[in-house]
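Listing of target.cif, mmCIF, C-alpha atoms
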data_coords
#
loop_
_atom_site.label_atom_id
_atom_site.label_comp_id
_atom_site.auth_asym_id
_atom_site.auth_seq_id
_atom_site.Cartn_x
_atom_site.Cartn_y
_atom_site.Cartn_z
CA MET A 26 -15.05 -28.56 -11.34
CA CYS A 27 -16.30 -27.35 -14.71
CA TYR A 28 -13.50 -24.90 -15.43
CA ASN A 29 -10.96 -27.72 -15.87
CA SER A 30 -12.27 -28.24 -19.41
CA TYR A 31 -10.80 -24.83 -20.30
CA VAL A 32 -7.27 -25.68 -19.15
CA GLY A 33 -5.98 -27.01 -22.46
CA LYS A 34 -7.04 -23.83 -24.28
CA ILE A 35 -5.60 -21.32 -21.81
CA THR A 36 -2.64 -19.22 -22.87
CA TYR A 37 -0.61 -16.96 -20.62
CA ASP A 38 0.61 -14.31 -23.07
CA ASP A 39 -1.76 -11.74 -21.62
CA VAL A 40 -0.59 -12.25 -18.04
CA ALA A 41 1.95 -9.99 -16.35
CA ILE A 42 3.68 -11.32 -13.23
CA ILE A 43 4.69 -8.40 -11.02
CA ILE A 44 7.39 -9.01 -8.43
CA PRO A 45 8.28 -6.27 -5.90
CA VAL A 46 11.92 -6.73 -4.86
CA TYR A 47 13.85 -5.33 -1.92
CA CYS A 48 17.23 -6.88 -1.18
CA ASP A 49 16.00 -10.28 -2.36
CA ILE A 50 18.98 -11.61 -4.29
CA MET A 51 17.22 -14.95 -4.72
CA VAL A 52 14.78 -13.25 -7.10
CA ARG A 53 17.08 -14.50 -9.85
CA ASP A 54 16.30 -18.12 -8.98
CA VAL A 55 12.64 -17.30 -8.48
CA VAL A 56 12.33 -15.73 -11.94
CA ASN A 57 14.31 -18.49 -13.64
CA ALA A 58 11.95 -21.05 -12.15
CA ILE A 59 8.94 -19.40 -13.81
CA ASP A 60 7.63 -21.37 -16.78
CA ASP A 61 8.27 -19.87 -20.23
CA LYS A 62 4.57 -19.75 -20.99
CA PHE A 63 4.45 -16.65 -18.76
CA THR A 64 5.95 -14.24 -21.25
CA THR A 65 5.78 -11.05 -19.19
CA ILE A 66 7.60 -10.79 -15.86
CA ILE A 67 8.15 -7.37 -14.30
CA CYS A 68 10.49 -6.96 -11.33
CA VAL A 69 10.38 -3.66 -9.47
CA ASN A 70 13.59 -3.01 -7.55
CA ASP A 71 12.38 -0.87 -4.67
CA GLY A 72 15.58 1.08 -4.02
CA SER A 73 17.70 -1.84 -2.83
CA PRO A 74 21.16 -0.54 -1.89
CA GLY A 75 23.90 -1.26 -4.41
CA THR A 76 23.62 -2.85 -7.84
CA ASP A 77 23.42 -6.55 -6.89
CA VAL A 78 19.66 -6.81 -7.08
CA SER A 79 19.35 -4.94 -10.38
CA ASP A 80 22.18 -7.01 -11.88
CA ALA A 81 20.49 -10.21 -10.72
CA ILE A 82 17.22 -9.18 -12.36
CA ARG A 83 18.90 -8.09 -15.59
CA SER A 84 20.50 -11.52 -15.87
CA THR A 85 17.02 -13.01 -16.23
CA ARG A 86 14.29 -12.55 -18.84
CA ALA A 87 12.33 -10.34 -16.46
CA LYS A 88 11.89 -6.64 -17.16
CA LEU A 89 13.40 -4.31 -14.58
CA VAL A 90 11.85 -1.14 -13.21
CA GLU A 91 13.89 0.71 -10.61
CA HIS A 92 12.79 3.04 -7.81
CA SER A 93 15.59 5.51 -7.07
CA VAL A 94 14.67 5.38 -3.38
CA ASN A 95 12.83 2.83 -1.28
CA LEU A 96 9.10 3.55 -1.30
CA GLY A 97 7.64 0.39 0.21
CA GLN A 98 6.20 -2.85 -1.15
CA GLY A 99 2.79 -1.34 -1.94
CA ALA A 100 4.35 1.41 -4.03
CA ALA A 101 6.55 -1.14 -5.84
CA ILE A 102 3.49 -3.19 -6.76
CA GLN A 103 1.68 -0.07 -7.99
CA THR A 104 4.65 0.87 -10.17
CA GLY A 105 4.73 -2.66 -11.56
CA VAL A 106 1.02 -2.50 -12.35
CA ASP A 107 1.40 0.92 -14.03
CA PHE A 108 4.23 -0.46 -16.16
CA ALA A 109 2.24 -3.54 -17.10
CA LEU A 110 -0.80 -1.41 -18.01
CA LEU A 111 1.28 0.30 -20.72
CA ASP A 112 1.14 -2.95 -22.71
CA GLU A 113 -2.35 -3.20 -24.16
CA ASN A 114 -1.97 -6.94 -24.61
CA ILE A 115 -1.89 -7.53 -20.87
CA ASN A 116 -5.27 -8.39 -19.37
CA TYR A 117 -4.26 -10.08 -16.12
CA PHE A 118 -1.92 -8.91 -13.38
CA VAL A 119 -0.32 -11.26 -10.86
CA THR A 120 1.46 -10.09 -7.71
CA PHE A 121 4.17 -12.55 -6.65
CA ASP A 122 6.76 -12.49 -3.86
CA ALA A 123 10.48 -12.36 -4.60
CA ASP A 124 11.59 -14.57 -1.74
CA GLY A 125 10.39 -17.95 -2.94
CA GLN A 126 7.40 -18.18 -0.62
CA HIS A 127 4.99 -18.52 -3.53
CA GLN A 128 4.66 -21.40 -5.99
CA ILE A 129 4.36 -20.85 -9.71
CA LYS A 130 1.81 -23.65 -10.09
CA ASP A 131 -0.42 -21.63 -7.76
CA VAL A 132 -0.15 -18.72 -10.22
CA GLU A 133 -1.45 -21.05 -12.91
CA ARG A 134 -4.31 -22.14 -10.69
CA LEU A 135 -5.30 -18.55 -9.90
CA VAL A 136 -5.08 -17.44 -13.55
CA ASN A 137 -7.07 -20.46 -14.72
CA ARG A 138 -9.77 -19.58 -12.21
CA MET A 139 -9.89 -15.97 -13.43
CA LYS A 140 -10.00 -16.94 -17.08
CA SER A 141 -12.66 -19.59 -16.70
CA ASP A 142 -14.94 -17.24 -14.75
CA PRO A 143 -15.13 -13.85 -16.51
CA SER A 144 -17.41 -12.45 -13.82
CA LEU A 145 -14.45 -12.40 -11.39
CA ASP A 146 -12.33 -9.28 -11.03
CA ILE A 147 -9.79 -10.60 -8.55
CA VAL A 148 -8.73 -13.99 -7.19
CA LEU A 149 -6.80 -14.12 -3.92
CA GLY A 150 -4.58 -16.91 -2.71
CA SER A 151 -5.31 -18.43 0.67
CA ARG A 152 -2.80 -20.46 2.62
CA PHE A 153 -5.54 -21.48 5.06
CA LEU A 154 -7.50 -23.11 2.25
CA GLY A 155 -4.20 -24.60 1.07
CA SER A 156 -1.15 -25.10 3.25
CA ALA A 157 1.39 -23.03 5.15
CA GLN A 158 4.51 -25.12 5.58
CA ASN A 159 6.99 -24.50 8.40
CA ILE A 160 4.96 -21.61 9.80
CA THR A 161 5.87 -20.56 13.34
CA TRP A 162 3.13 -20.53 15.97
CA LEU A 163 3.65 -16.82 16.54
CA LYS A 164 3.18 -15.98 12.88
CA HIS A 165 0.14 -18.25 12.73
CA ALA A 166 -1.43 -16.51 15.73
CA MET A 167 -0.69 -13.04 14.39
CA LEU A 168 -2.12 -13.91 11.00
CA LYS A 169 -5.33 -15.22 12.56
CA PHE A 170 -5.70 -11.97 14.49
CA ALA A 171 -4.97 -9.96 11.34
CA ILE A 172 -7.63 -11.89 9.43
CA VAL A 173 -10.30 -11.18 12.05
CA PHE A 174 -9.35 -7.48 12.14
CA SER A 175 -9.32 -7.31 8.36
CA ASN A 176 -12.67 -9.05 7.91
CA ILE A 177 -14.25 -6.61 10.35
CA THR A 178 -12.79 -3.44 8.82
CA SER A 179 -13.14 -4.32 5.16
CA GLY A 180 -16.57 -5.91 5.34
CA ILE A 181 -15.30 -8.86 3.33
CA ARG A 182 -14.93 -12.37 4.71
CA LEU A 183 -11.74 -14.10 3.68
CA THR A 184 -9.74 -16.98 5.05
CA ASP A 185 -6.41 -15.30 4.28
CA THR A 186 -6.28 -11.51 4.16
CA HIS A 187 -2.54 -10.93 3.90
CA ASN A 188 -1.45 -13.15 1.09
CA GLY A 189 0.82 -11.52 -1.49
CA LEU A 190 -0.31 -13.89 -4.24
CA ARG A 191 -3.26 -12.54 -6.22
CA VAL A 192 -4.51 -12.08 -9.78
CA PHE A 193 -6.72 -9.28 -11.03
CA ASN A 194 -8.00 -7.97 -14.32
CA ARG A 195 -7.54 -4.68 -16.12
CA LYS A 196 -10.59 -3.10 -14.51
CA VAL A 197 -9.02 -3.54 -11.09
CA GLY A 198 -5.56 -2.64 -12.40
CA ASN A 199 -6.81 0.70 -13.71
CA ASP A 200 -8.51 1.66 -10.45
CA LEU A 201 -6.00 0.21 -8.02
CA LYS A 202 -4.03 3.35 -7.02
CA ILE A 203 -2.32 1.92 -3.94
CA HIS A 204 -1.21 4.68 -1.57
CA MET A 205 -0.99 3.15 1.90
CA PRO A 206 2.62 2.88 3.01
CA ASP A 207 4.78 -0.23 3.33
CA PHE A 208 2.86 -3.49 3.83
CA SER A 209 -0.59 -2.02 4.34
CA HIS A 210 -1.39 -2.50 0.66
CA ALA A 211 -2.93 -5.89 1.36
CA SER A 212 -5.51 -4.25 3.63
CA GLU A 213 -5.94 -1.39 1.18
CA ILE A 214 -6.79 -3.78 -1.65
CA LEU A 215 -9.48 -5.42 0.51
CA LEU A 216 -10.99 -2.04 1.40
CA LYS A 217 -11.08 -1.23 -2.30
CA ILE A 218 -12.70 -4.56 -3.20
CA SER A 219 -15.44 -3.66 -0.78
CA SER A 220 -15.93 -0.04 -1.84
CA ASN A 221 -15.69 -0.73 -5.60
CA ASN A 222 -17.78 -3.90 -5.45
CA TRP A 223 -15.22 -5.99 -7.32
CA LYS A 224 -16.13 -9.65 -7.67
CA TYR A 225 -13.59 -11.72 -5.74
CA ALA A 226 -12.82 -15.35 -4.99
CA GLU A 227 -10.21 -17.29 -3.03
CA GLU A 228 -8.11 -20.23 -4.20
CA PRO A 229 -5.94 -22.49 -2.05
CA VAL A 230 -2.20 -21.89 -2.36
CA THR A 231 0.92 -23.22 -0.70
CA ILE A 232 3.25 -20.87 1.18
CA LEU A 233 6.74 -22.12 1.91
CA TYR A 234 8.35 -20.51 4.96
CA SER A 235 12.10 -20.83 4.76
CA GLU A 236 14.78 -19.58 7.16
CA HIS A 237 15.15 -16.38 5.11
CA SER A 238 11.48 -15.61 4.86
CA LYS A 239 10.94 -16.25 8.56
CA LYS A 240 13.06 -13.19 9.30
CA ASN A 241 11.68 -11.08 6.49
CA GLY A 242 8.02 -11.78 6.99
CA GLN A 243 5.63 -9.28 8.48
CA SER A 244 6.65 -8.69 12.05
CA ILE A 245 4.62 -7.37 14.93
CA ILE A 246 5.77 -3.85 14.04
CA ASN A 247 4.25 -4.16 10.57
CA ALA A 248 1.03 -5.45 12.12
CA ILE A 249 0.82 -2.36 14.36
CA ASN A 250 1.47 -0.09 11.38
CA ILE A 251 -1.19 -1.79 9.29
CA VAL A 252 -3.82 -1.53 12.04
CA PHE A 253 -2.99 2.17 12.46
CA ASP A 254 -3.10 2.86 8.71
CA VAL A 255 -6.42 1.08 8.25
CA ILE A 256 -8.12 2.81 11.18
CA LEU A 257 -6.74 6.19 10.08
CA SER A 258 -8.01 5.69 6.54
CA LYS A 259 -11.46 4.70 7.79
CA ILE A 260 -11.72 7.86 9.90
CA SER A 261 -10.47 10.16 7.17
CA GLY A 262 -12.66 8.45 4.61
CA ARG A 263 -9.96 8.03 1.99
CA PHE A 264 -8.71 4.68 0.74
CA MET B 5 -16.63 22.00 34.64
CA ILE B 6 -17.41 23.86 31.45
CA ILE B 7 -13.71 23.66 30.66
CA LYS B 8 -13.87 19.88 30.44
CA ILE B 9 -16.67 20.02 27.90
CA LEU B 10 -14.89 22.75 25.94
CA LEU B 11 -11.56 20.94 25.87
CA LEU B 12 -13.08 17.60 24.86
CA ALA B 13 -15.15 19.25 22.13
CA VAL B 14 -12.11 21.08 20.76
CA VAL B 15 -9.91 17.98 20.80
CA PHE B 16 -12.48 15.85 18.97
CA ALA B 17 -13.23 18.61 16.47
CA LEU B 18 -9.51 19.05 15.75
CA ALA B 19 -8.88 15.35 15.30
CA VAL B 20 -11.79 14.74 12.95
CA SER B 21 -11.54 17.94 10.93
CA ALA B 22 -7.78 17.68 10.51
CA LEU B 23 -8.32 14.28 8.91
CA ARG B 24 -11.44 15.08 6.92
CA ILE B 25 -10.55 18.36 5.25
CA LYS B 26 -8.86 17.27 2.08
CA LYS B 27 -8.57 20.57 0.26
CA GLU B 28 -5.32 22.16 1.36
CA VAL B 29 -6.85 25.58 0.65
CA HIS B 30 -9.74 25.15 3.11
CA SER B 31 -7.68 23.64 5.92
CA GLY B 32 -5.00 26.30 5.31
CA ALA B 33 -7.54 29.09 5.72
CA ILE B 34 -8.88 27.65 8.96
CA LYS B 35 -5.37 27.23 10.34
CA LYS B 36 -4.55 30.84 9.44
CA ILE B 37 -7.64 32.09 11.25
CA GLY B 38 -6.77 29.93 14.23
CA PHE B 39 -3.25 31.32 14.26
CA ILE B 40 -4.46 34.94 14.14
CA LEU B 41 -6.88 34.24 17.01
CA LEU B 42 -4.08 32.68 19.06
CA LEU B 43 -1.88 35.69 18.34
CA PHE B 44 -4.51 38.20 19.41
CA GLY B 45 -5.33 36.06 22.43
CA GLY B 46 -1.67 36.06 23.38
CA ILE B 47 -1.32 39.84 23.03
CA LEU B 48 -4.50 40.35 25.05
CA ALA B 49 -3.29 38.02 27.79
CA ILE B 50 0.02 39.90 28.03
CA LEU B 51 -1.70 43.31 28.22
CA GLU B 52 -4.55 42.26 30.54
CA PRO B 53 -3.52 39.30 32.73
CA ASP B 54 -6.59 39.86 34.90
CA LEU B 55 -8.75 39.11 31.89
CA VAL B 56 -7.15 35.69 31.62
CA THR B 57 -7.92 34.97 35.27
CA TYR B 58 -11.50 36.14 34.72
CA VAL B 59 -12.02 33.87 31.72
CA ALA B 60 -10.35 30.98 33.52
CA ASN B 61 -12.68 31.30 36.51
CA ALA B 62 -15.67 31.61 34.18
CA VAL B 63 -15.01 28.17 32.65
CA GLY B 64 -14.09 26.50 35.93
CA VAL B 65 -10.31 26.69 35.90
CA GLY B 66 -8.58 27.88 39.09
CA ARG B 67 -5.68 29.93 37.70
CA GLY B 68 -5.17 31.94 34.54
CA THR B 69 -1.86 30.19 33.99
CA ASP B 70 -3.60 26.81 33.96
CA LEU B 71 -5.96 28.00 31.22
CA VAL B 72 -3.02 29.21 29.14
CA PHE B 73 -1.39 25.82 29.62
CA TYR B 74 -4.51 23.93 28.50
CA ILE B 75 -4.80 26.06 25.37
CA PHE B 76 -1.18 25.43 24.53
CA ALA B 77 -1.57 21.70 25.11
CA VAL B 78 -4.42 21.58 22.61
CA ALA B 79 -2.52 23.76 20.13
CA PHE B 80 0.45 21.40 20.42
CA LEU B 81 -1.73 18.35 19.79
CA PHE B 82 -3.08 20.04 16.71
CA GLN B 83 0.45 20.81 15.53
CA ILE B 84 1.40 17.13 15.81
CA ILE B 85 -1.57 16.05 13.69
CA ASN B 86 -0.90 18.83 11.21
CA SER B 87 2.74 17.86 10.92
CA TYR B 88 1.89 14.20 10.33
CA GLU B 89 -0.59 15.07 7.60
CA GLY B 90 1.94 17.38 5.98
CA HIS B 91 4.58 14.66 5.90
CA LYS B 92 2.11 12.19 4.41
CA ARG B 93 1.29 14.64 1.63
CA ASN B 94 4.97 15.12 0.88
CA ASP B 95 5.56 11.36 0.86
CA GLU B 96 2.80 10.99 -1.70
CA LYS B 97 4.38 13.63 -3.91
CA ILE B 98 7.77 11.95 -3.67
CA THR B 99 6.21 8.60 -4.55
CA GLU B 100 4.64 10.12 -7.67
CA LEU B 101 7.99 11.53 -8.76
CA VAL B 102 10.00 8.37 -8.12
CA ARG B 103 7.41 6.30 -9.96
CA LYS B 104 7.40 8.68 -12.93
CA ILE B 105 11.20 8.47 -13.19
CA ALA B 106 11.16 4.70 -12.79
CA LEU B 107 8.59 4.27 -15.57
CA MET B 108 10.33 6.76 -17.88
CA GLU B 109 13.70 5.02 -17.49
CA ALA B 110 12.22 1.57 -18.00
CA CYS B 111 10.31 2.63 -21.11
CA GLU B 112 13.42 4.31 -22.49
CA HIS B 113 15.54 1.20 -21.81
CA TYR B 114 13.14 -1.28 -23.37
CA LYS B 115 12.34 0.93 -26.34
CA LYS B 116 16.06 1.16 -27.03
CA LYS B 117 16.39 -2.61 -26.66
CA ASP B 118 13.51 -3.13 -29.09
CA THR B 119 15.02 -0.83 -31.72
CA GLN B 120 18.44 -2.50 -31.26
CA LEU B 121 16.89 -5.90 -31.88
CA ASN B 122 15.07 -4.52 -34.93
CA THR B 123 18.29 -3.05 -36.31
CA VAL B 124 20.07 -6.38 -35.84
CA ASP B 125 17.21 -8.17 -37.61
CA ASN B 126 17.31 -5.65 -40.45
CA ASN B 127 21.05 -5.98 -40.83
CA SER B 128 20.97 -9.75 -40.86
CA ASN B 129 18.24 -9.79 -43.55
#
Produce structure tokens that represent the structure in this file.
Amino acid sequence: MCYNSYVGKITYDDVAIIIPVYCDIMVRDVVNAIDDKFTTIICVNDGSPGTDVSDAIRSTRAKLVEHSVNLGQGAAIQTGVDFALLDENINYFVTFDADGQHQIKDVERLVNRMKSDPSLDIVLGSRFLGSAQNITWLKHAMLKFAIVFSNITSGIRLTDTHNGLRVFNRKVGNDLKIHMPDFSHASEILLKISSNNWKYAEEPVTILYSEHSKKNGQSIINAINIVFDVILSKISGRF
Amino acid sequence: MIIKILLLAVVFALAVSALRIKKEVHSGAIKKIGFILLLFGGILAILEPDLVTYVANAVGVGRGTDLVFYIFAVAFLFQIINSYEGHKRNDEKITELVRKIALMEACEHYKKKDTQLNTVDNNSN
């Protein structure tokens, strides 16, 4: 692929990695595993009870932004994006999970893709182009259903519609304005890609399902909530 | 059978309009008018129960009481939708506030850190 010739010249000083955190103590290990070439890491503690999570984040080189109460993952991402936007040197925004599901080399791959193709506004990770290790059959089935539902409602065809790993540019960052509650932000972003005509692409990524993330992952309840939120927003015409 | 058409029309209109009217001022005005109408309707029904029976029969409902019940069922449905929308609006306001505080505190913290580092650098020079 032609964009590989750019790899040696790519720097990552203008990339902000945004990590929404709720009760994920392992975020400390996740942040410490991020290569130094990513100079800006922003962790948003979404009202986790106690001080453990904030202390863990402060012990790393990541910047900490704290919600006084829990607002939901979508809101945490939006806060992280707003904070990153304050730094004029940041041109690219990465959303990354705190529980170790995502791989940092996939971040590099997504950013390289964005940088080598300036016509793109957003690059989304896809585990079905890449690999989903240790996924349970139930989660696999639910995800497939979610993808079909999402492709129908958003008008965009993707192979993975609920992947938390994505990169977007400043244009998208400025207009993002996530307001759907909890985990519906993934669907909201797709609706916005469609309505704002942002240029998008998918890249294969690897998702590691561990014991911890199996419990924390989107359950059937979240799926019901997301379907409800998306249908409601389509009827009311605001998203 | 007119009542079926009326009820269905009202339910659909409520559902769609409750979601579509974004300006609080407009939806507030309509709700106030609706409330006044309900109030007058209630007073009228108390003073002239025969009128209720007459209206009920006119739209195809057997008893006046049944008509009153249908109207209250619809009003209740509307109240549920209204309440949900109200809570969503409040949640959005809270989110704005929490985010503002979060950003202010973070900026304050990192600005302080920056000036501390600068002071250290200056002192060591």
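Near chain A, counting all atoms listed in the file at 8 Å, the chain B residues are Val20, Leu23, Arg24, Glu96, Thr99, Val102, Arg103, Ile105, Ala106, Leu107, Glu109 and Ala110 of chain B.
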Exercise. If I put a ball of radius 9 Å at (-9.0, -15.4, 1.2) in the file's coordinates, which residues poke into it when counting all atoms listed in the file, written as a PyMOL selection string?
Worked result: chain A and resi 148-154+182-188+226-229
Exercise. On this structure, which residues satisfy the PyMOL selection byres ((chain A and resi 218) around 10), written as a ChimeraX atom specification?
Worked result: /A:146-147,179-181,197,201,212-217,219-225
For this session: Kindly give the distance, in Å, that separates CA of Glu52 (chain B) and CA of Leu18 (chain B), rounded to a single decimal.
Result: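 Value for the CA of Glu52 (chain B)-CA of Leu18 (chain B) distance: 28.0 Å.
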Seminar exercise, completed: CA of Ser31 (chain B) to CA of Val78 (chain B) measures 17.1 Å
Problem set entry | For CA of Ala58 (chain A) and CA of Val78 (chain A), the interatomic separation in Å (one decimal) | 17.0 Å
For this session: Just say which residues the PyMOL selection byres ((chain A and resi 131) around 12) picks in this file, as a VMD selection string.
Result: chain A and resid 59 119 to 121 126 to 130 132 to 138 148 to 152 155 to 156 189 to 192 227 to 232
For this session: Using all atoms listed in the file, find the one residue out of A:Thr178, A:Arg53, A:Ser235, A:Asn199 that sits nearest to Phe253 (chain A).
Result: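 Checking each of A:Thr178, A:Arg53, A:Ser235, A:Asn199 against Phe253 (chain A), counting all atoms listed in the file, the winner is A:Thr178.
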For this session: Report the residues retrieved by the PyMOL selection byres ((chain A and resi 55) around 12) from the displayed file, expressed as a PyMOL selection string.
Result: chain A and resi 42+44+46+49-54+56-60+66+68+81-82+85-87+121-129
For this session: Fewer than 4 positions away in the same chain doesn't count, so skip those; otherwise give me all residues within 10 Å of Val56 (chain B), counting all atoms listed in the file, as an MDAnalysis selection string.
Result: chainID B and resid 45:46 48:52 60:62 67:72
Exercise. Which polymer residues have any atom within 12 Å of an atom of Leu10 (chain B), counting only C-alpha atoms, with same-chain residues fewer than 4 positions away left out, as a ChimeraX atom specification?
Worked result: /B:5-6,14-17,63-65,71,74-75,78
Seminar exercise, completed: Shortest contact to Val252 (chain A), candidates A:Phe170, A:Tyr234, A:Phe193, A:Leu145, atoms counted only C-alpha atoms, goes to A:Phe170
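Among the candidates A:Phe118, A:Phe208, A:Tyr37, A:Tyr47, the residue lying nearest to Asp77 (chain A) is A:Tyr47 (atoms considered: all atoms listed in the file).
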For this session: Find the spatial neighbours of Met167 (chain A), counting only C-alpha atoms, within a cut-off of 9 Å - ignore same-chain residues fewer than 3 positions away - and output them as an NGL selection string.
Result: :A and (162-164 or 170-172 or 244-245 or 248)
Taking only C-alpha atoms, show region 117-174 of chain A of the given structure as a compact mmCIF listing (two decimals), in the first residue's frame.
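File written: result.txt
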# COMPACT_ATOMS: atom_id res chain seq x y z
CA TYR A 117 -5.85 14.16 15.68
CA PHE A 118 -8.01 12.65 18.39
CA VAL A 119 -7.93 8.97 19.33
CA THR A 120 -10.53 7.27 21.52
CA PHE A 121 -9.05 4.31 23.39
CA ASP A 122 -10.48 1.93 26.00
CA ALA A 123 -9.12 1.83 29.55
CA ASP A 124 -9.50 -1.91 30.06
CA GLY A 125 -6.74 -3.21 27.84
CA GLN A 126 -8.99 -4.39 25.02
CA HIS A 127 -7.25 -2.18 22.50
CA GLN A 128 -3.70 -2.44 21.19
CA ILE A 129 -1.43 0.57 20.89
CA LYS A 130 0.03 -0.64 17.59
CA ASP A 131 -3.50 -0.40 16.19
CA VAL A 132 -3.54 3.27 17.23
CA GLU A 133 -0.40 3.75 15.15
CA ARG A 134 -2.00 1.99 12.21
CA LEU A 135 -5.13 4.16 12.41
CA VAL A 136 -3.16 7.40 12.78
CA ASN A 137 -0.84 6.48 9.90
CA ARG A 138 -3.89 5.87 7.73
CA MET A 139 -5.36 9.27 8.66
CA LYS A 140 -2.12 11.12 8.09
CA SER A 141 -1.34 9.51 4.76
CA ASP A 142 -4.82 10.24 3.40
CA PRO A 143 -5.78 13.87 4.18
CA SER A 144 -9.19 13.43 2.56
CA LEU A 145 -10.25 11.23 5.51
CA ASP A 146 -12.01 12.76 8.49
CA ILE A 147 -12.34 9.64 10.63
CA VAL A 148 -10.88 6.14 10.67
CA LEU A 149 -12.69 3.42 12.62
CA GLY A 150 -11.22 0.22 13.93
CA SER A 151 -12.86 -3.04 12.93
CA ARG A 152 -12.35 -6.28 14.78
CA PHE A 153 -14.13 -8.15 11.98
CA LEU A 154 -11.52 -6.98 9.49
CA GLY A 155 -8.90 -7.84 12.12
CA SER A 156 -9.42 -10.28 14.96
CA ALA A 157 -11.50 -10.62 18.10
CA GLN A 158 -9.71 -12.97 20.45
CA ASN A 159 -11.54 -14.95 23.13
CA ILE A 160 -14.92 -13.51 22.15
CA THR A 161 -17.93 -15.38 23.51
CA TRP A 162 -20.53 -16.65 21.03
CA LEU A 163 -23.21 -14.54 22.69
CA LYS A 164 -21.21 -11.35 22.32
CA HIS A 165 -20.38 -12.25 18.74
CA ALA A 166 -24.06 -12.80 17.92
CA MET A 167 -25.14 -9.59 19.62
CA LEU A 168 -22.48 -7.59 17.83
CA LYS A 169 -23.55 -8.97 14.45
CA PHE A 170 -27.13 -7.96 15.18
CA ALA A 171 -25.97 -4.52 16.35
CA ILE A 172 -23.99 -4.05 13.14
CA VAL A 173 -27.00 -4.84 10.94
CA PHE A 174 -29.22 -2.50 12.98
